[in-house]
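Colleague: So here's input.json, just JSON, C-alpha atoms:
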[["chain", "number", "residue", "atom", "x", "y", "z"],
["A", 1119, "MET", "CA", 31.17, 35.68, 34.79],
["A", 1120, "ALA", "CA", 29.02, 36.38, 37.82],
["A", 1121, "PRO", "CA", 26.30, 38.90, 37.02],
["A", 1122, "ILE", "CA", 26.61, 40.69, 40.36],
["A", 1123, "LYS", "CA", 29.77, 42.77, 40.72],
["A", 1124, "VAL", "CA", 28.59, 45.27, 43.34],
["A", 1125, "ILE", "CA", 26.16, 44.69, 46.19],
["A", 1126, "ASN", "CA", 24.69, 47.68, 48.01],
["A", 1127, "ALA", "CA", 23.53, 45.96, 51.19],
["A", 1128, "SER", "CA", 22.00, 49.09, 52.73],
["A", 1129, "LEU", "CA", 18.37, 49.47, 53.71],
["A", 1130, "GLY", "CA", 16.17, 51.60, 51.50],
["A", 1131, "ARG", "CA", 15.90, 55.35, 52.19],
["A", 1132, "THR", "CA", 19.66, 55.63, 52.62],
["A", 1133, "GLY", "CA", 20.33, 57.17, 49.22],
["A", 1134, "THR", "CA", 19.88, 53.93, 47.31],
["A", 1135, "SER", "CA", 18.01, 55.51, 44.39],
["A", 1136, "SER", "CA", 20.78, 58.06, 43.89],
["A", 1137, "PHE", "CA", 23.32, 55.25, 44.22],
["A", 1138, "CYS", "CA", 21.49, 53.29, 41.53],
["A", 1139, "GLU", "CA", 21.69, 56.18, 39.11],
["A", 1140, "ALA", "CA", 25.35, 56.69, 39.98],
["A", 1141, "MET", "CA", 26.09, 53.05, 39.13],
["A", 1142, "ASP", "CA", 24.37, 53.42, 35.78],
["A", 1143, "ILE", "CA", 26.48, 56.50, 35.05],
["A", 1144, "LEU", "CA", 29.60, 54.46, 35.84],
["A", 1145, "GLY", "CA", 28.60, 51.89, 33.25],
["A", 1146, "TYR", "CA", 26.94, 49.27, 35.45],
["A", 1147, "ASN", "CA", 23.34, 48.09, 35.19],
["A", 1148, "CYS", "CA", 21.88, 48.52, 38.66],
["A", 1149, "HIS", "CA", 18.76, 46.83, 39.99],
["A", 1150, "HIS", "CA", 16.50, 48.79, 42.32],
["A", 1151, "MET", "CA", 12.86, 48.11, 43.13],
["A", 1152, "LYS", "CA", 11.93, 51.09, 40.99],
["A", 1153, "ARG", "CA", 12.87, 48.90, 38.00],
["A", 1154, "LEU", "CA", 10.02, 46.57, 38.95],
["A", 1155, "LEU", "CA", 7.60, 49.48, 39.19],
["A", 1156, "ALA", "CA", 8.63, 50.61, 35.72],
["A", 1157, "ASP", "CA", 7.41, 47.31, 34.25],
["A", 1158, "PRO", "CA", 3.74, 47.82, 33.27],
["A", 1159, "THR", "CA", 3.12, 44.06, 33.33],
["A", 1160, "PHE", "CA", 4.85, 43.56, 36.71],
["A", 1161, "GLU", "CA", 6.07, 40.22, 35.39],
["A", 1162, "THR", "CA", 9.63, 41.09, 36.43],
["A", 1163, "SER", "CA", 8.51, 41.11, 40.08],
["A", 1164, "LYS", "CA", 7.84, 37.37, 40.02],
["A", 1165, "PRO", "CA", 11.40, 35.98, 40.11],
["A", 1166, "PHE", "CA", 12.27, 38.37, 42.95],
["A", 1167, "TYR", "CA", 9.20, 37.30, 44.92],
["A", 1168, "GLU", "CA", 9.97, 33.64, 44.34],
["A", 1169, "ALA", "CA", 13.53, 34.25, 45.52],
["A", 1170, "ALA", "CA", 12.24, 36.07, 48.60],
["A", 1171, "LEU", "CA", 10.10, 33.07, 49.49],
["A", 1172, "ASN", "CA", 13.12, 30.76, 49.45],
["A", 1173, "ARG", "CA", 16.46, 32.54, 49.41],
["A", 1174, "ASP", "CA", 18.41, 29.33, 49.98],
["A", 1175, "LYS", "CA", 17.25, 27.80, 46.69],
["A", 1176, "ALA", "CA", 17.08, 30.91, 44.49],
["A", 1177, "ASP", "CA", 18.85, 30.89, 41.11],
["A", 1178, "TRP", "CA", 20.51, 34.27, 41.49],
["A", 1179, "ASP", "CA", 21.87, 34.29, 37.94],
["A", 1180, "LYS", "CA", 18.28, 34.15, 36.69],
["A", 1181, "VAL", "CA", 16.82, 36.50, 39.28],
["A", 1182, "TYR", "CA", 19.35, 39.21, 38.42],
["A", 1183, "ALA", "CA", 19.70, 38.41, 34.73],
["A", 1184, "GLY", "CA", 20.91, 41.55, 32.94],
["A", 1185, "TYR", "CA", 22.05, 43.30, 36.13],
["A", 1186, "ASP", "CA", 25.46, 43.49, 37.74],
["A", 1187, "VAL", "CA", 24.64, 45.72, 40.74],
["A", 1188, "THR", "CA", 21.87, 45.46, 43.31],
["A", 1189, "THR", "CA", 20.52, 47.97, 45.82],
["A", 1190, "ASP", "CA", 17.32, 49.01, 47.67],
["A", 1191, "PHE", "CA", 15.28, 46.78, 49.98],
["A", 1192, "THR", "CA", 15.73, 43.76, 47.75],
["A", 1193, "GLY", "CA", 19.48, 44.24, 47.90],
["A", 1194, "ALA", "CA", 19.32, 44.51, 51.69],
["A", 1195, "TYR", "CA", 17.11, 41.42, 51.95],
["A", 1196, "PHE", "CA", 19.22, 39.29, 49.62],
["A", 1197, "TRP", "CA", 22.71, 40.62, 50.31],
["A", 1198, "LYS", "CA", 24.10, 37.72, 52.38],
["A", 1199, "HIS", "CA", 22.92, 35.13, 49.88],
["A", 1200, "LEU", "CA", 24.28, 37.18, 46.98],
["A", 1201, "PHE", "CA", 27.63, 37.62, 48.69],
["A", 1202, "ALA", "CA", 27.80, 33.87, 49.32],
["A", 1203, "LYS", "CA", 27.06, 33.26, 45.64],
["A", 1204, "TYR", "CA", 29.40, 36.00, 44.36],
["A", 1205, "PRO", "CA", 32.19, 36.20, 46.99],
["A", 1206, "ASP", "CA", 34.35, 38.46, 44.82],
["A", 1207, "ALA", "CA", 31.67, 41.15, 44.63],
["A", 1208, "LYS", "CA", 32.38, 44.53, 46.16],
["A", 1209, "VAL", "CA", 29.95, 45.64, 48.85],
["A", 1210, "ILE", "CA", 28.71, 49.17, 49.46],
["A", 1211, "LEU", "CA", 27.17, 50.40, 52.68],
["A", 1212, "THR", "CA", 25.45, 53.76, 52.31],
["A", 1213, "GLU", "CA", 25.28, 55.14, 55.83],
["A", 1214, "ARG", "CA", 22.72, 57.61, 57.14],
["A", 1215, "PRO", "CA", 22.05, 58.68, 60.74],
["A", 1216, "PHE", "CA", 19.22, 56.61, 62.22],
["A", 1217, "GLU", "CA", 17.05, 59.62, 63.07],
["A", 1218, "GLU", "CA", 17.15, 60.91, 59.50],
["A", 1219, "TRP", "CA", 16.50, 57.45, 58.09],
["A", 1220, "PHE", "CA", 13.55, 56.72, 60.37],
["A", 1221, "LYS", "CA", 11.96, 60.11, 59.67],
["A", 1222, "SER", "CA", 12.29, 59.47, 55.94],
["A", 1223, "MET", "CA", 10.72, 56.02, 56.34],
["A", 1224, "GLN", "CA", 7.83, 57.50, 58.31],
["A", 1225, "ASN", "CA", 7.18, 60.11, 55.63],
["A", 1226, "THR", "CA", 7.47, 57.82, 52.60],
["A", 1227, "ILE", "CA", 7.53, 54.03, 52.79],
["A", 1228, "TYR", "CA", 5.46, 53.47, 55.94],
["A", 1229, "PRO", "CA", 2.20, 55.11, 54.77],
["A", 1230, "VAL", "CA", 2.45, 53.37, 51.39],
["A", 1231, "ILE", "CA", 3.11, 49.93, 52.82],
["A", 1232, "ARG", "CA", 0.44, 50.31, 55.50],
["A", 1233, "ALA", "CA", -2.26, 51.52, 53.12],
["A", 1234, "LYS", "CA", -5.34, 49.32, 53.36],
["A", 1235, "VAL", "CA", -4.90, 47.55, 50.07],
["A", 1236, "GLN", "CA", -6.51, 44.25, 49.13],
["A", 1237, "LEU", "CA", -5.41, 42.77, 45.83],
["A", 1238, "GLU", "CA", -6.55, 39.51, 44.31],
["A", 1239, "PRO", "CA", -3.80, 37.10, 43.17],
["A", 1240, "ASP", "CA", -4.64, 37.79, 39.51],
["A", 1241, "HIS", "CA", -4.13, 41.53, 39.93],
["A", 1242, "PRO", "CA", -1.03, 42.72, 38.00],
["A", 1243, "ARG", "CA", 0.47, 44.33, 41.11],
["A", 1244, "TYR", "CA", -0.25, 41.50, 43.50],
["A", 1245, "THR", "CA", 3.25, 39.98, 43.32],
["A", 1246, "PHE", "CA", 5.01, 43.32, 43.70],
["A", 1247, "ARG", "CA", 2.85, 44.12, 46.71],
["A", 1248, "ARG", "CA", 3.62, 40.76, 48.32],
["A", 1249, "LEU", "CA", 7.32, 41.20, 47.56],
["A", 1250, "SER", "CA", 7.32, 44.64, 49.18],
["A", 1251, "LEU", "CA", 5.61, 43.39, 52.33],
["A", 1252, "ARG", "CA", 8.23, 40.66, 52.66],
["A", 1253, "VAL", "CA", 11.47, 42.48, 51.91],
["A", 1254, "VAL", "CA", 10.92, 45.93, 53.44],
["A", 1255, "LEU", "CA", 12.60, 45.55, 56.83],
["A", 1256, "GLU", "CA", 11.94, 41.79, 56.60],
["A", 1257, "GLY", "CA", 8.24, 42.43, 57.19],
["A", 1258, "ILE", "CA", 8.75, 44.35, 60.43],
["A", 1259, "ILE", "CA", 7.10, 47.41, 58.89],
["A", 1260, "GLU", "CA", 3.74, 45.63, 59.25],
["A", 1261, "ASP", "CA", 4.26, 45.09, 62.99],
["A", 1262, "ASP", "CA", 3.53, 48.39, 64.73],
["A", 1263, "ASP", "CA", 4.60, 47.02, 68.12],
["A", 1264, "LYS", "CA", 8.11, 46.74, 66.69],
["A", 1265, "TYR", "CA", 8.23, 49.32, 63.93],
["A", 1266, "LEU", "CA", 6.83, 52.19, 66.00],
["A", 1267, "ASN", "CA", 9.21, 51.38, 68.86],
["A", 1268, "GLN", "CA", 12.10, 53.62, 67.87],
["A", 1269, "GLU", "CA", 14.57, 51.94, 70.21],
["A", 1270, "PHE", "CA", 13.77, 48.56, 68.70],
["A", 1271, "MET", "CA", 14.18, 49.99, 65.20],
["A", 1272, "ARG", "CA", 17.41, 51.76, 66.15],
["A", 1273, "GLN", "CA", 18.81, 48.42, 67.28],
["A", 1274, "TYR", "CA", 17.57, 46.70, 64.11],
["A", 1275, "TYR", "CA", 19.13, 49.43, 61.95],
["A", 1276, "ASN", "CA", 22.45, 49.33, 63.78],
["A", 1277, "ASN", "CA", 22.53, 45.53, 63.78],
["A", 1278, "HIS", "CA", 22.10, 45.49, 60.00],
["A", 1279, "ILE", "CA", 25.05, 47.83, 59.57],
["A", 1280, "GLU", "CA", 27.25, 45.96, 62.03],
["A", 1281, "GLU", "CA", 26.49, 42.61, 60.43],
["A", 1282, "ILE", "CA", 27.64, 43.90, 57.05],
["A", 1283, "LYS", "CA", 30.87, 45.22, 58.55],
["A", 1284, "ARG", "CA", 31.44, 41.95, 60.40],
["A", 1285, "ILE", "CA", 30.92, 39.64, 57.43],
["A", 1286, "VAL", "CA", 32.43, 41.55, 54.52],
["A", 1287, "PRO", "CA", 36.25, 41.71, 54.40],
["A", 1288, "ALA", "CA", 37.50, 45.27, 54.83],
["A", 1289, "ASN", "CA", 39.10, 45.34, 51.38],
["A", 1290, "GLN", "CA", 35.76, 44.52, 49.75],
["A", 1291, "LEU", "CA", 33.64, 47.01, 51.70],
["A", 1292, "TYR", "CA", 33.17, 50.73, 51.14],
["A", 1293, "CYS", "CA", 31.08, 52.89, 53.48],
["A", 1294, "LEU", "CA", 29.50, 55.68, 51.44],
["A", 1295, "LYS", "CA", 28.11, 58.61, 53.38],
["A", 1296, "LEU", "CA", 25.23, 60.68, 52.02],
["A", 1297, "GLY", "CA", 26.48, 63.72, 50.13],
["A", 1298, "GLU", "CA", 30.01, 62.34, 49.80],
["A", 1299, "GLY", "CA", 30.16, 62.40, 46.00],
["A", 1300, "TRP", "CA", 32.21, 60.42, 43.52],
["A", 1301, "GLU", "CA", 35.84, 60.38, 44.63],
["A", 1302, "GLY", "CA", 36.01, 57.64, 47.25],
["A", 1303, "LEU", "CA", 33.45, 55.45, 45.51],
["A", 1304, "CYS", "CA", 35.21, 55.64, 42.15],
["A", 1305, "GLU", "CA", 38.56, 54.88, 43.73],
["A", 1306, "PHE", "CA", 37.06, 51.82, 45.45],
["A", 1307, "LEU", "CA", 35.48, 50.58, 42.21],
["A", 1308, "GLY", "CA", 38.45, 51.44, 40.01],
["A", 1309, "LYS", "CA", 36.41, 53.85, 37.91],
["A", 1310, "ASP", "CA", 37.18, 57.30, 36.51],
["A", 1311, "ILE", "CA", 35.29, 60.15, 38.14],
["A", 1312, "PRO", "CA", 32.45, 61.23, 35.81],
["A", 1313, "ASP", "CA", 32.21, 64.83, 34.67],
["A", 1314, "VAL", "CA", 28.66, 65.10, 36.05],
["A", 1315, "PRO", "CA", 27.55, 65.65, 39.66],
["A", 1316, "TYR", "CA", 26.77, 62.63, 41.81],
["A", 1317, "PRO", "CA", 22.99, 62.07, 41.52],
["A", 1318, "ASN", "CA", 20.65, 63.42, 44.18],
["A", 1319, "VAL", "CA", 17.20, 61.99, 43.54],
["A", 1320, "ASN", "CA", 14.08, 60.67, 45.28],
["A", 1321, "SER", "CA", 13.95, 63.02, 48.24],
["A", 1322, "THR", "CA", 10.90, 62.75, 50.50],
["A", 1323, "ALA", "CA", 9.16, 65.50, 48.51],
["A", 1324, "GLN", "CA", 10.00, 63.83, 45.19],
["A", 1325, "PHE", "CA", 8.89, 60.43, 46.48],
["A", 1326, "ASN", "CA", 5.54, 61.74, 47.67],
["A", 1327, "GLU", "CA", 4.97, 63.62, 44.42],
["A", 1328, "LYS", "CA", 5.46, 60.37, 42.50],
["A", 1329, "ILE", "CA", 2.98, 58.68, 44.83],
["A", 1330, "ARG", "CA", 0.46, 61.48, 44.28],
["A", 1331, "LEU", "CA", 0.79, 61.25, 40.51],
["A", 1332, "ALA", "CA", 0.53, 57.46, 40.57],
["A", 1333, "ARG", "CA", -2.62, 57.58, 42.68],
["A", 1334, "ALA", "CA", -4.17, 60.17, 40.38],
["A", 1335, "SER", "CA", -3.34, 57.99, 37.39],
["A", 1336, "ASN", "CA", -4.81, 54.91, 39.09],
["A", 1337, "ALA", "CA", -7.98, 56.81, 39.99],
["A", 1338, "ALA", "CA", -8.36, 58.03, 36.42],
["A", 1339, "ALA", "CA", -7.87, 54.51, 35.08],
["A", 1340, "ALA", "CA", -10.43, 53.12, 37.51],
["A", 1341, "ALA", "CA", -12.93, 55.82, 36.56],
["A", 1342, "ALA", "CA", -12.42, 55.12, 32.86],
["A", 1343, "ALA", "CA", -12.87, 51.40, 33.39],
["A", 1344, "ALA", "CA", -16.05, 52.00, 35.38],
["A", 1345, "ALA", "CA", -17.44, 54.23, 32.65],
["A", 1346, "GLU", "CA", -16.80, 51.57, 30.03],
["A", 1347, "THR", "CA", -18.27, 48.71, 32.05],
["A", 1348, "PRO", "CA", -20.65, 50.27, 34.58],
["A", 1349, "ASP", "CA", -22.21, 46.96, 35.60],
["A", 1350, "THR", "CA", -18.88, 45.27, 36.40],
["A", 1351, "PRO", "CA", -17.08, 45.90, 39.70],
["A", 1352, "VAL", "CA", -13.67, 47.44, 39.15],
["A", 1353, "LYS", "CA", -10.74, 45.95, 41.04],
["A", 1354, "GLU", "CA", -8.85, 48.41, 43.18],
["A", 1355, "LEU", "CA", -5.76, 49.81, 41.51],
["A", 1356, "THR", "CA", -2.93, 50.62, 43.86],
["A", 1357, "ILE", "CA", 0.68, 51.58, 43.58],
["A", 1358, "GLY", "CA", 2.13, 49.51, 46.41],
["A", 1359, "ALA", "CA", 5.42, 51.39, 45.87],
["A", 1360, "THR", "CA", 8.59, 51.02, 47.86],
["A", 1361, "SER", "CA", 10.89, 53.08, 45.66],
["A", 1362, "THR", "CA", 13.88, 54.73, 47.35]]
Since I need it in another form, could you write the structure as structure tokens?

Modeller:
Amino acid sequence: MAPIKVINASLGRTGTSSFCEAMDILGYNCHHMKRLLADPTFETSKPFYEAALNRDKADWDKVYAGYDVTTDFTGAYFWKHLFAKYPDAKVILTERPFEEWFKSMQNTIYPVIRAKVQLEPDHPRYTFRRLSLRVVLEGIIEDDDKYLNQEFMRQYYNNHIEEIKRIVPANQLYCLKLGEGWEGLCEFLGKDIPDVPYPNVNSTAQFNEKIRLARASNAAAAAAAAAETPDTPVKELTIGATST
């Protein structure tokens, strides 16, 4: 049986974190980049980074071992290859108006990605950082000439949506609007409607609070390490997060 049953091909900051929690409530096991951040060793980032380096040769069964749903920027980056591998998968497109999406990106992902962070290859977070730089908007977020050109980004955003609608057969595609709730999604997936509200998590405020706490934790860890070994330079600890 193919491990991937549902592909959310949407870009991050379109409700993908809430979608991930919704899928877990429905009995799936959804992969989101926040799963990689939850791994203290960051070892689970490696197969995703290797897949990102060569999507045509990736072993998707191994990359997504233990998961049957994908979402977030990795889902958006891999979706065409996953759909080619698992052609019976259902595809979700969580739609959000461009202006809202771009504002959310500006207030969350952009400052984190563009932070001046230098990590050595042996740093635990190195692979996750490299993965993030590659899959978030296919690296465009590092190119200010493109990313800060809102008309260019509007076209990129719309093209991504239109490509999904063009490739995926209509009977395998469901367009989920923010705030819509369970009914249409559950009907599409053949699932009973849960007796709990559809999740609403990882708002801009919640995202930035997690970043603040992570930075405080990193600073405390660095200070503790420096106190223990005052004569040894301490490598910079960074979050490199792209959670949505």

Colleague: Got a sec: who's within 10 Å of Ile1122 (chain A), counting only C-alpha atoms, leaving out chain neighbours fewer than 4 positions off, as a compact mmCIF listing (two decimals) with C-alpha atoms, in the coordinates of the input?

Modeller:
# COMPACT_ATOMS: atom_id res chain seq x y z
CA TYR A 1146 26.94 49.27 35.45
CA ASN A 1147 23.34 48.09 35.19
CA CYS A 1148 21.88 48.52 38.66
CA HIS A 1149 18.76 46.83 39.99
CA TRP A 1178 20.51 34.27 41.49
CA ASP A 1179 21.87 34.29 37.94
CA TYR A 1182 19.35 39.21 38.42
CA ALA A 1183 19.70 38.41 34.73
CA GLY A 1184 20.91 41.55 32.94
CA TYR A 1185 22.05 43.30 36.13
CA ASP A 1186 25.46 43.49 37.74
CA VAL A 1187 24.64 45.72 40.74
CA THR A 1188 21.87 45.46 43.31
CA LEU A 1200 24.28 37.18 46.98
CA PHE A 1201 27.63 37.62 48.69
CA LYS A 1203 27.06 33.26 45.64
CA TYR A 1204 29.40 36.00 44.36
CA PRO A 1205 32.19 36.20 46.99
CA ASP A 1206 34.35 38.46 44.82
CA ALA A 1207 31.67 41.15 44.63
CA LYS A 1208 32.38 44.53 46.16

Colleague: Please identify all polymer residues within 12 Å of Ala1202 (chain A), counting all atoms listed in the file, omitting same-chain residues fewer than 6 positions from it, and present them as a PyMOL selection string.

Modeller: chain A and resi 1120+1122+1125+1173-1174+1178+1196+1209+1285-1286

Colleague: For each of A:Leu1144, A:Gly1297, A:Asp1190, A:Arg1243, take the minimum atom-to-atom distance to Glu1161 (chain A), counting all atoms listed in the file, then give the residue where this is smallest.

Modeller: A:Arg1243

Colleague: Check the smallest atom-to-atom distance from each of A:Val1124, A:Asn1318, A:Asp1157, A:Phe1220 to Phe1270 (chain A) using all atoms listed in the file, then report the winner.

Modeller: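 Using all atoms listed in the file, the shortest distance to Phe1270 (chain A) belongs to A:Phe1220.
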
Colleague: What is the distance, in Å and to one decimal place, between CA of Tyr1292 (chain A) and CA of Leu1211 (chain A)?

Modeller: 6.2 Å

Colleague: Ranking A:Cys1138, A:Lys1295, A:Met1151, A:Ile1143 by minimum distance to Ile1311 (chain A) and counting only C-alpha atoms, which one comes first?

Modeller: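 The answer is A:Ile1143, which sits nearest to Ile1311 (chain A).
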
Colleague: Take CA of Leu1249 (chain A) and CA of Thr1192 (chain A) and report the distance between them in Å, one decimal.

Modeller: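 Pair CA of Leu1249 (chain A) / CA of Thr1192 (chain A) returns 8.8 Å.
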
Colleague: Which distance in Å separates CA of Asp1263 (chain A) and CA of Ile1279 (chain A), to one decimal?

Modeller: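 Between these atoms lies a distance of 22.2 Å.
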
Colleague: Rank nothing, just name the residue among A:Leu1291, A:Ala1127, A:Ile1282, A:Ala1140 nearest to Pro1315 (chain A), using all atoms listed in the file.

Modeller: A:Ala1140

Colleague: In the coordinates of the file, take the point (11.4, 48.5, 61.8) and a cut-off of 12 Å; then, counting all atoms listed in the file, name each qualifying protein, DNA or RNA residue as a PyMOL selection string.

Modeller: chain A and resi 1129-1130+1216+1219-1221+1223-1224+1227-1228+1253-1278

Colleague: Kindly output region 1303-1318 of chain A as a PDB file, in the frame of the given file, after building N, CA and C atoms.

Modeller:
ATOM      1  N   LEU A1303      34.146  56.566  46.151  1.00  0.00           N
ATOM      2  CA  LEU A1303      33.450  55.450  45.510  1.00  0.00           C
ATOM      3  C   LEU A1303      34.163  55.014  44.239  1.00  0.00           C
ATOM      4  N   CYS A1304      34.546  55.971  43.414  1.00  0.00           N
ATOM      5  CA  CYS A1304      35.210  55.640  42.150  1.00  0.00           C
ATOM      6  C   CYS A1304      36.578  55.011  42.401  1.00  0.00           C
ATOM      7  N   GLU A1305      37.273  55.483  43.398  1.00  0.00           N
ATOM      8  CA  GLU A1305      38.560  54.880  43.730  1.00  0.00           C
ATOM      9  C   GLU A1305      38.378  53.429  44.156  1.00  0.00           C
ATOM     10  N   PHE A1306      37.348  53.178  44.970  1.00  0.00           N
ATOM     11  CA  PHE A1306      37.060  51.820  45.450  1.00  0.00           C
ATOM     12  C   PHE A1306      36.696  50.895  44.291  1.00  0.00           C
ATOM     13  N   LEU A1307      35.939  51.401  43.330  1.00  0.00           N
ATOM     14  CA  LEU A1307      35.480  50.580  42.210  1.00  0.00           C
ATOM     15  C   LEU A1307      36.458  50.562  41.036  1.00  0.00           C
ATOM     16  N   GLY A1308      37.499  51.381  41.111  1.00  0.00           N
ATOM     17  CA  GLY A1308      38.450  51.440  40.010  1.00  0.00           C
ATOM     18  C   GLY A1308      37.884  52.120  38.780  1.00  0.00           C
ATOM     19  N   LYS A1309      37.065  53.131  38.995  1.00  0.00           N
ATOM     20  CA  LYS A1309      36.410  53.850  37.910  1.00  0.00           C
ATOM     21  C   LYS A1309      36.887  55.298  37.865  1.00  0.00           C
ATOM     22  N   ASP A1310      36.892  55.873  36.644  1.00  0.00           N
ATOM     23  CA  ASP A1310      37.180  57.300  36.510  1.00  0.00           C
ATOM     24  C   ASP A1310      36.020  58.110  37.063  1.00  0.00           C
ATOM     25  N   ILE A1311      36.337  59.271  37.608  1.00  0.00           N
ATOM     26  CA  ILE A1311      35.290  60.150  38.140  1.00  0.00           C
ATOM     27  C   ILE A1311      34.542  60.792  36.974  1.00  0.00           C
ATOM     28  N   PRO A1312      33.230  60.634  36.903  1.00  0.00           N
ATOM     29  CA  PRO A1312      32.450  61.230  35.810  1.00  0.00           C
ATOM     30  C   PRO A1312      32.500  62.759  35.853  1.00  0.00           C
ATOM     31  N   ASP A1313      32.215  63.369  34.731  1.00  0.00           N
ATOM     32  CA  ASP A1313      32.210  64.830  34.670  1.00  0.00           C
ATOM     33  C   ASP A1313      30.812  65.394  34.915  1.00  0.00           C
ATOM     34  N   VAL A1314      29.995  64.642  35.640  1.00  0.00           N
ATOM     35  CA  VAL A1314      28.660  65.100  36.050  1.00  0.00           C
ATOM     36  C   VAL A1314      28.552  64.960  37.557  1.00  0.00           C
ATOM     37  N   PRO A1315      27.700  65.760  38.209  1.00  0.00           N
ATOM     38  CA  PRO A1315      27.550  65.650  39.660  1.00  0.00           C
ATOM     39  C   PRO A1315      26.997  64.282  40.065  1.00  0.00           C
ATOM     40  N   TYR A1316      27.357  63.852  41.261  1.00  0.00           N
ATOM     41  CA  TYR A1316      26.770  62.630  41.810  1.00  0.00           C
ATOM     42  C   TYR A1316      25.264  62.844  41.930  1.00  0.00           C
ATOM     43  N   PRO A1317      24.454  61.873  41.508  1.00  0.00           N
ATOM     44  CA  PRO A1317      22.990  62.070  41.520  1.00  0.00           C
ATOM     45  C   PRO A1317      22.442  62.369  42.916  1.00  0.00           C
ATOM     46  N   ASN A1318      21.367  63.124  42.940  1.00  0.00           N
ATOM     47  CA  ASN A1318      20.650  63.420  44.180  1.00  0.00           C
ATOM     48  C   ASN A1318      19.165  63.386  43.855  1.00  0.00           C
TER      49      ASN A1318
END
